[in-house]
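Everything below belongs to query.pdb, which stores PDB, C-alpha atoms, pLDDT in the B column.
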ATOM      1  CA  MET D 582    -139.998 -31.974  57.458  1.00 46.00           C
ATOM      2  CA  ASN D 583    -142.186 -34.961  56.658  1.00 44.00           C
ATOM      3  CA  MET D 584    -145.126 -34.929  59.058  1.00 40.00           C
ATOM      4  CA  PRO D 585    -147.933 -37.128  57.772  1.00 37.00           C
ATOM      5  CA  ARG D 586    -151.062 -37.831  59.776  1.00 36.00           C
ATOM      6  CA  THR D 587    -150.438 -40.663  62.139  1.00 37.00           C
ATOM      7  CA  ASP D 588    -152.304 -43.122  64.334  1.00 38.00           C
ATOM      8  CA  HIS D 589    -149.732 -42.364  67.053  1.00 40.00           C
ATOM      9  CA  ASP D 590    -151.203 -41.933  70.523  1.00 41.00           C
ATOM     10  CA  SER D 591    -152.023 -38.258  71.010  1.00 42.00           C
ATOM     11  CA  THR D 592    -150.167 -38.017  74.308  1.00 46.00           C
ATOM     12  CA  LEU D 593    -146.484 -38.220  75.031  1.00 50.00           C
ATOM     13  CA  GLN D 594    -146.329 -41.769  76.373  1.00 44.00           C
ATOM     14  CA  GLY D 595    -143.530 -42.480  78.756  1.00 44.00           C
ATOM     15  CA  TYR D 596    -143.345 -38.960  80.193  1.00 44.00           C
ATOM     16  CA  LYS D 597    -142.808 -39.519  83.887  1.00 46.00           C
ATOM     17  CA  GLY D 598    -143.868 -36.018  84.859  1.00 48.00           C
ATOM     18  CA  PRO D 599    -142.786 -34.145  87.955  1.00 44.00           C
ATOM     19  CA  GLY D 600    -141.142 -35.726  90.945  1.00 47.00           C
ATOM     20  CA  PRO D 601    -142.983 -36.853  94.076  1.00 44.00           C
ATOM     21  CA  GLY D 602    -145.099 -34.157  95.672  1.00 45.00           C
ATOM     22  CA  GLU D 603    -144.955 -31.850  92.649  1.00 49.00           C
ATOM     23  CA  GLY D 604    -148.448 -32.643  91.331  1.00 51.00           C
ATOM     24  CA  LYS D 605    -149.365 -33.177  87.695  1.00 62.00           C
ATOM     25  CA  ARG D 606    -147.993 -30.907  85.017  1.00 72.00           C
ATOM     26  CA  LYS D 607    -147.515 -30.938  81.291  1.00 84.00           C
ATOM     27  CA  MET D 608    -144.207 -31.705  79.638  1.00 90.00           C
ATOM     28  CA  ARG D 609    -142.562 -28.375  78.735  1.00 95.00           C
ATOM     29  CA  VAL D 610    -140.829 -28.263  75.354  1.00 95.00           C
ATOM     30  CA  LEU D 611    -138.731 -25.433  73.906  1.00 96.00           C
ATOM     31  CA  VAL D 612    -138.647 -25.526  70.089  1.00 96.00           C
ATOM     32  CA  VAL D 613    -135.812 -23.474  68.534  1.00 95.00           C
ATOM     33  CA  GLU D 614    -136.045 -23.272  64.733  1.00 94.00           C
ATOM     34  CA  ASP D 615    -135.348 -20.380  62.367  1.00 92.00           C
ATOM     35  CA  HIS D 616    -137.612 -21.595  59.538  1.00 91.00           C
ATOM     36  CA  ALA D 617    -141.004 -20.135  60.487  1.00 93.00           C
ATOM     37  CA  ALA D 618    -143.206 -22.766  58.820  1.00 91.00           C
ATOM     38  CA  THR D 619    -141.276 -25.636  60.402  1.00 88.00           C
ATOM     39  CA  ARG D 620    -141.273 -23.926  63.818  1.00 91.00           C
ATOM     40  CA  VAL D 621    -145.042 -23.337  63.685  1.00 92.00           C
ATOM     41  CA  ALA D 622    -145.778 -26.893  62.480  1.00 88.00           C
ATOM     42  CA  MET D 623    -143.621 -28.554  65.159  1.00 88.00           C
ATOM     43  CA  THR D 624    -145.038 -26.303  67.878  1.00 92.00           C
ATOM     44  CA  LYS D 625    -148.622 -27.034  66.855  1.00 91.00           C
ATOM     45  CA  LEU D 626    -148.118 -30.787  66.551  1.00 88.00           C
ATOM     46  CA  ILE D 627    -146.264 -31.145  69.856  1.00 90.00           C
ATOM     47  CA  ARG D 628    -148.868 -28.967  71.583  1.00 91.00           C
ATOM     48  CA  GLN D 629    -151.604 -31.316  70.277  1.00 89.00           C
ATOM     49  CA  THR D 630    -150.002 -34.111  72.333  1.00 86.00           C
ATOM     50  CA  GLY D 631    -150.738 -32.153  75.497  1.00 89.00           C
ATOM     51  CA  ALA D 632    -147.309 -30.598  75.989  1.00 91.00           C
ATOM     52  CA  ASP D 633    -146.714 -26.971  76.901  1.00 94.00           C
ATOM     53  CA  VAL D 634    -144.620 -25.583  74.019  1.00 96.00           C
ATOM     54  CA  VAL D 635    -142.615 -22.368  73.716  1.00 96.00           C
ATOM     55  CA  SER D 636    -140.890 -21.514  70.448  1.00 96.00           C
ATOM     56  CA  ALA D 637    -137.902 -19.347  69.551  1.00 96.00           C
ATOM     57  CA  ARG D 638    -136.561 -18.267  66.149  1.00 95.00           C
ATOM     58  CA  ASP D 639    -132.840 -18.619  66.937  1.00 95.00           C
ATOM     59  CA  GLY D 640    -130.425 -19.814  69.595  1.00 93.00           C
ATOM     60  CA  GLU D 641    -130.099 -16.430  71.263  1.00 94.00           C
ATOM     61  CA  GLU D 642    -133.847 -16.177  71.825  1.00 96.00           C
ATOM     62  CA  GLY D 643    -133.900 -19.819  72.936  1.00 95.00           C
ATOM     63  CA  LEU D 644    -131.123 -19.225  75.462  1.00 94.00           C
ATOM     64  CA  GLY D 645    -133.124 -16.347  76.914  1.00 94.00           C
ATOM     65  CA  TYR D 646    -136.029 -18.718  77.533  1.00 95.00           C
ATOM     66  CA  LEU D 647    -133.717 -21.352  79.031  1.00 94.00           C
ATOM     67  CA  LEU D 648    -132.316 -18.769  81.459  1.00 92.00           C
ATOM     68  CA  SER D 649    -135.747 -17.643  82.628  1.00 92.00           C
ATOM     69  CA  GLN D 650    -137.911 -20.781  82.474  1.00 93.00           C
ATOM     70  CA  ARG D 651    -137.673 -24.534  83.080  1.00 93.00           C
ATOM     71  CA  PHE D 652    -138.119 -26.982  80.179  1.00 94.00           C
ATOM     72  CA  ASP D 653    -138.157 -30.766  80.101  1.00 94.00           C
ATOM     73  CA  VAL D 654    -137.002 -30.884  76.464  1.00 93.00           C
ATOM     74  CA  LEU D 655    -134.979 -28.621  74.181  1.00 94.00           C
ATOM     75  CA  LEU D 656    -135.663 -29.332  70.497  1.00 94.00           C
ATOM     76  CA  THR D 657    -133.279 -27.255  68.387  1.00 92.00           C
ATOM     77  CA  ASP D 658    -132.233 -26.897  64.783  1.00 91.00           C
ATOM     78  CA  LEU D 659    -128.459 -26.808  64.363  1.00 90.00           C
ATOM     79  CA  ARG D 660    -128.091 -24.266  61.565  1.00 89.00           C
ATOM     80  CA  MET D 661    -129.627 -20.891  62.450  1.00 89.00           C
ATOM     81  CA  PRO D 662    -128.643 -17.226  62.260  1.00 89.00           C
ATOM     82  CA  VAL D 663    -127.576 -15.141  65.269  1.00 90.00           C
ATOM     83  CA  MET D 664    -126.719 -18.154  67.490  1.00 89.00           C
ATOM     84  CA  ASP D 665    -126.706 -21.617  65.948  1.00 90.00           C
ATOM     85  CA  GLY D 666    -127.824 -24.831  67.607  1.00 88.00           C
ATOM     86  CA  PHE D 667    -124.271 -25.969  68.356  1.00 89.00           C
ATOM     87  CA  GLU D 668    -123.640 -22.863  70.458  1.00 92.00           C
ATOM     88  CA  LEU D 669    -127.075 -23.149  72.081  1.00 92.00           C
ATOM     89  CA  VAL D 670    -126.394 -26.778  73.052  1.00 91.00           C
ATOM     90  CA  HIS D 671    -123.006 -25.753  74.479  1.00 91.00           C
ATOM     91  CA  HIS D 672    -124.625 -23.006  76.601  1.00 92.00           C
ATOM     92  CA  CYS D 673    -127.429 -25.348  77.616  1.00 90.00           C
ATOM     93  CA  LEU D 674    -124.993 -27.937  78.949  1.00 90.00           C
ATOM     94  CA  THR D 675    -123.318 -25.312  81.154  1.00 91.00           C
ATOM     95  CA  LEU D 676    -126.579 -24.106  82.730  1.00 89.00           C
ATOM     96  CA  PRO D 677    -127.314 -24.930  86.360  1.00 88.00           C
ATOM     97  CA  GLU D 678    -129.312 -28.160  86.611  1.00 86.00           C
ATOM     98  CA  SER D 679    -132.381 -26.163  87.616  1.00 82.00           C
ATOM     99  CA  HIS D 680    -132.488 -24.652  84.102  1.00 82.00           C
ATOM    100  CA  ARG D 681    -131.006 -27.502  82.057  1.00 90.00           C
ATOM    101  CA  PRO D 682    -133.582 -29.533  80.099  1.00 93.00           C
ATOM    102  CA  GLY D 683    -133.637 -33.243  80.862  1.00 90.00           C
ATOM    103  CA  LYS D 684    -133.467 -34.048  77.158  1.00 91.00           C
ATOM    104  CA  ILE D 685    -131.836 -32.220  74.249  1.00 92.00           C
ATOM    105  CA  ILE D 686    -132.851 -33.108  70.689  1.00 91.00           C
ATOM    106  CA  ALA D 687    -130.945 -31.607  67.766  1.00 89.00           C
ATOM    107  CA  ILE D 688    -132.395 -31.620  64.252  1.00 87.00           C
ATOM    108  CA  SER D 689    -130.655 -30.843  60.995  1.00 84.00           C
ATOM    109  CA  GLY D 690    -130.899 -31.406  57.289  1.00 77.00           C
ATOM    110  CA  GLU D 691    -127.257 -30.470  56.760  1.00 75.00           C
ATOM    111  CA  TYR D 692    -125.279 -32.104  59.540  1.00 67.00           C
ATOM    112  CA  GLU D 693    -124.814 -35.730  60.558  1.00 66.00           C
ATOM    113  CA  ALA D 694    -125.153 -37.183  64.047  1.00 63.00           C
ATOM    114  CA  GLY D 695    -121.339 -37.240  64.350  1.00 71.00           C
ATOM    115  CA  ALA D 696    -121.322 -33.443  64.528  1.00 68.00           C
ATOM    116  CA  LEU D 697    -122.492 -33.792  68.145  1.00 71.00           C
ATOM    117  CA  SER D 698    -120.293 -36.747  69.045  1.00 71.00           C
ATOM    118  CA  GLY D 699    -119.626 -37.097  72.750  1.00 71.00           C
ATOM    119  CA  GLN D 700    -122.503 -34.837  73.815  1.00 75.00           C
ATOM    120  CA  PRO D 701    -125.679 -35.972  75.606  1.00 82.00           C
ATOM    121  CA  VAL D 702    -127.845 -35.001  72.646  1.00 85.00           C
ATOM    122  CA  THR D 703    -130.295 -37.031  70.571  1.00 84.00           C
ATOM    123  CA  PHE D 704    -129.905 -36.278  66.861  1.00 85.00           C
ATOM    124  CA  MET D 705    -132.698 -36.434  64.272  1.00 83.00           C
ATOM    125  CA  PRO D 706    -131.947 -35.818  60.594  1.00 81.00           C
ATOM    126  CA  LYS D 707    -134.413 -33.765  58.561  1.00 80.00           C
ATOM    127  CA  PRO D 708    -136.772 -34.661  57.096  1.00 79.00           C
ATOM    128  CA  PHE D 709    -138.333 -36.710  59.880  1.00 75.00           C
ATOM    129  CA  ASN D 710    -141.854 -37.872  60.497  1.00 76.00           C
ATOM    130  CA  LEU D 711    -144.113 -36.999  63.385  1.00 75.00           C
ATOM    131  CA  SER D 712    -144.167 -40.506  64.849  1.00 79.00           C
ATOM    132  CA  ALA D 713    -140.360 -40.572  65.100  1.00 80.00           C
ATOM    133  CA  LEU D 714    -140.310 -37.163  66.803  1.00 80.00           C
ATOM    134  CA  LEU D 715    -143.005 -38.177  69.286  1.00 80.00           C
ATOM    135  CA  ASP D 716    -141.131 -41.409  70.015  1.00 80.00           C
ATOM    136  CA  VAL D 717    -137.955 -39.448  70.815  1.00 81.00           C
ATOM    137  CA  LEU D 718    -139.863 -36.932  72.950  1.00 80.00           C
ATOM    138  CA  SER D 719    -141.478 -39.719  74.973  1.00 77.00           C
ATOM    139  CA  GLY D 720    -138.251 -41.682  75.405  1.00 71.00           C
ATOM    140  CA  ARG D 721    -139.046 -44.598  73.107  1.00 65.00           C
ATOM    141  CA  PRO D 722    -136.161 -45.711  70.882  1.00 55.00           C
ATOM    142  CA  ASN D 723    -136.484 -44.637  67.268  1.00 51.00           C
TER     143      ASN D 723
END
Structure translated into structure tokens:
Amino acid sequence: MNMPRTDHDSTLQGYKGPGPGEGKRKMRVLVVEDHAATRVAMTKLIRQTGADVVSARDGEEGLGYLLSQRFDVLLTDLRMPVMDGFELVHHCLTLPESHRPGKIIAISGEYEAGALSGQPVTFMPKPFNLSALLDVLSGRPN
């Protein structure tokens, strides 16, 4: 993962936040990545933007979080042990709306965007840079 220092705004621009009457809250992001160094780096960098970040080491652990908590964004690797990202995305899309993230971002160094064809998922190939990830998280086109 290529994450150089950037002049990018330190907040997730474009995040609309909660609906009317819900008060202010941070964007909640679930990071699911089996490679520990990548998981820690992404979690730290996204947290520095002001988001609330939870991380999981595989799809099974990630699904457990999705079933028990609400996230605005699911950021998942596609190739992982136990439960891969493809299966996690499938489960995620069948969750009740109350537990389904508003945005799903899949990352992979081995698969192409076509692997998720027809699904409401944003794909980012590895390696990617921090600015591109923050743009996708905030809804700006990359």
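Taking all atoms listed in the file, the non-local environment of segment 671-681 of chain D within 8 Å (same-chain residues fewer than 3 positions away omitted) comprises D:Leu644, D:Leu647, D:Leu648, D:Ser649, D:Gln650, D:Arg651, D:Phe652, D:Phe667, D:Glu668.
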Query - Residues returned when the PyMOL selection byres ((chain D and resi 626-636) around 6) runs on this file, as a PyMOL selection string - result: chain D and resi 591-592+607-613+623-625+637
Using all atoms listed in the file, find each residue of segment 623-650 of chain D with at least one atom at most 7 Å away from an atom of segment 657-663 of chain D; report its shortest atom-to-atom pair and that distance in Å (one decimal), sort the rows by chain and rising residue number, and return the result as JSON lines.
{"residue": "D:Asp639", "atom": "CA", "partner": "D:Met661", "partner_atom": "CA", "distance": 6.0}
{"residue": "D:Gly640", "atom": "CA", "partner": "D:Val663", "partner_atom": "CA", "distance": 7.0}
{"residue": "D:Glu641", "atom": "CA", "partner": "D:Val663", "partner_atom": "CA", "distance": 6.6}
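Take atom CA of Glu691 of chain D and atom CA of Asp716 of chain D: the distance between them is 22.1 Å.
Distance annotation: of D:Thr619, D:Thr703, D:Ser689, D:Asn710, the residue with the minimal separation from Gly666 of chain D is D:Ser689; atom set is only C-alpha atoms.
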**Report entry** Closest of D:Tyr646, D:Ala687, D:Asp653, D:Gln700 to Glu614 of chain D - atom-to-atom distances counting only C-alpha atoms
**Finding:** D:Ala687
Requested in this report: Return the single residue from D:Gly643, D:Leu656, D:Leu714, D:Gly690 that is closest to Leu669 of chain D, with distances computed using all atoms listed in the file.
Outcome: D:Gly643
Requested in this report: Taking the file above as input, evaluate the PyMOL selection byres ((chain D and resi 706) around 7) and report the hits as a ChimeraX atom specification.
Outcome: /D:688-690,704-705,707-709
Query - For atom CA of Gly699 of chain D and atom CA of Ser719 of chain D, the interatomic separation in Å (one decimal) - result: 22.1 Å
Query raised in the report: What does the distance between atom CA of Met664 of chain D and atom CA of Leu715 of chain D come to in Å, to one decimal place?
Result: 25.9 Å
Query raised in the report: Near Val702 of chain D, counting all atoms listed in the file, which residues have an atom at most 10 Å away, once you skip same-chain residues fewer than 5 positions from it, shown as a ChimeraX atom specification?
Result: /D:655-656,670,674,684-687,694,697
With N, CA and C atoms as the target, complete segment 641-659 of chain D and hand it back as a PDB file, keeping the file's coordinate frame.
ATOM      1  N   GLU D 641    -130.167 -17.510  70.274  1.00 94.00           N
ATOM      2  CA  GLU D 641    -130.099 -16.430  71.263  1.00 94.00           C
ATOM      3  C   GLU D 641    -131.438 -16.265  71.981  1.00 94.00           C
ATOM      4  N   GLU D 642    -132.522 -16.274  71.212  1.00 96.00           N
ATOM      5  CA  GLU D 642    -133.847 -16.177  71.825  1.00 96.00           C
ATOM      6  C   GLU D 642    -134.125 -17.417  72.683  1.00 96.00           C
ATOM      7  N   GLY D 643    -133.724 -18.585  72.184  1.00 95.00           N
ATOM      8  CA  GLY D 643    -133.900 -19.819  72.936  1.00 95.00           C
ATOM      9  C   GLY D 643    -133.143 -19.806  74.256  1.00 95.00           C
ATOM     10  N   LEU D 644    -131.912 -19.304  74.234  1.00 94.00           N
ATOM     11  CA  LEU D 644    -131.123 -19.225  75.462  1.00 94.00           C
ATOM     12  C   LEU D 644    -131.799 -18.311  76.481  1.00 94.00           C
ATOM     13  N   GLY D 645    -132.388 -17.233  76.013  1.00 94.00           N
ATOM     14  CA  GLY D 645    -133.124 -16.347  76.914  1.00 94.00           C
ATOM     15  C   GLY D 645    -134.246 -17.080  77.633  1.00 94.00           C
ATOM     16  N   TYR D 646    -134.976 -17.918  76.903  1.00 95.00           N
ATOM     17  CA  TYR D 646    -136.029 -18.718  77.533  1.00 95.00           C
ATOM     18  C   TYR D 646    -135.445 -19.722  78.523  1.00 95.00           C
ATOM     19  N   LEU D 647    -134.341 -20.369  78.143  1.00 94.00           N
ATOM     20  CA  LEU D 647    -133.717 -21.352  79.031  1.00 94.00           C
ATOM     21  C   LEU D 647    -133.237 -20.717  80.343  1.00 94.00           C
ATOM     22  N   LEU D 648    -132.797 -19.465  80.265  1.00 92.00           N
ATOM     23  CA  LEU D 648    -132.316 -18.769  81.459  1.00 92.00           C
ATOM     24  C   LEU D 648    -133.447 -18.333  82.380  1.00 92.00           C
ATOM     25  N   SER D 649    -134.653 -18.187  81.833  1.00 92.00           N
ATOM     26  CA  SER D 649    -135.747 -17.643  82.628  1.00 92.00           C
ATOM     27  C   SER D 649    -136.860 -18.642  82.943  1.00 92.00           C
ATOM     28  N   GLN D 650    -136.854 -19.796  82.278  1.00 93.00           N
ATOM     29  CA  GLN D 650    -137.911 -20.781  82.474  1.00 93.00           C
ATOM     30  C   GLN D 650    -137.305 -22.182  82.559  1.00 93.00           C
ATOM     31  N   ARG D 651    -138.106 -23.134  82.981  1.00 93.00           N
ATOM     32  CA  ARG D 651    -137.673 -24.534  83.080  1.00 93.00           C
ATOM     33  C   ARG D 651    -138.363 -25.345  81.993  1.00 93.00           C
ATOM     34  N   PHE D 652    -137.586 -26.127  81.233  1.00 94.00           N
ATOM     35  CA  PHE D 652    -138.119 -26.982  80.179  1.00 94.00           C
ATOM     36  C   PHE D 652    -137.657 -28.412  80.397  1.00 94.00           C
ATOM     37  N   ASP D 653    -138.513 -29.359  80.040  1.00 94.00           N
ATOM     38  CA  ASP D 653    -138.157 -30.766  80.101  1.00 94.00           C
ATOM     39  C   ASP D 653    -137.345 -31.169  78.874  1.00 94.00           C
ATOM     40  N   VAL D 654    -137.642 -30.535  77.729  1.00 93.00           N
ATOM     41  CA  VAL D 654    -137.002 -30.884  76.464  1.00 93.00           C
ATOM     42  C   VAL D 654    -136.623 -29.620  75.707  1.00 93.00           C
ATOM     43  N   LEU D 655    -135.411 -29.631  75.149  1.00 94.00           N
ATOM     44  CA  LEU D 655    -134.979 -28.621  74.181  1.00 94.00           C
ATOM     45  C   LEU D 655    -134.910 -29.320  72.834  1.00 94.00           C
ATOM     46  N   LEU D 656    -135.670 -28.822  71.864  1.00 94.00           N
ATOM     47  CA  LEU D 656    -135.663 -29.332  70.497  1.00 94.00           C
ATOM     48  C   LEU D 656    -135.131 -28.208  69.623  1.00 94.00           C
ATOM     49  N   THR D 657    -133.905 -28.358  69.101  1.00 92.00           N
ATOM     50  CA  THR D 657    -133.279 -27.255  68.387  1.00 92.00           C
ATOM     51  C   THR D 657    -132.731 -27.661  67.029  1.00 92.00           C
ATOM     52  N   ASP D 658    -132.901 -26.764  66.070  1.00 91.00           N
ATOM     53  CA  ASP D 658    -132.233 -26.897  64.783  1.00 91.00           C
ATOM     54  C   ASP D 658    -130.755 -26.595  65.043  1.00 91.00           C
ATOM     55  N   LEU D 659    -129.884 -27.083  64.176  1.00 90.00           N
ATOM     56  CA  LEU D 659    -128.459 -26.808  64.363  1.00 90.00           C
ATOM     57  C   LEU D 659    -127.987 -25.598  63.570  1.00 90.00           C
TER      58      LEU D 659
END
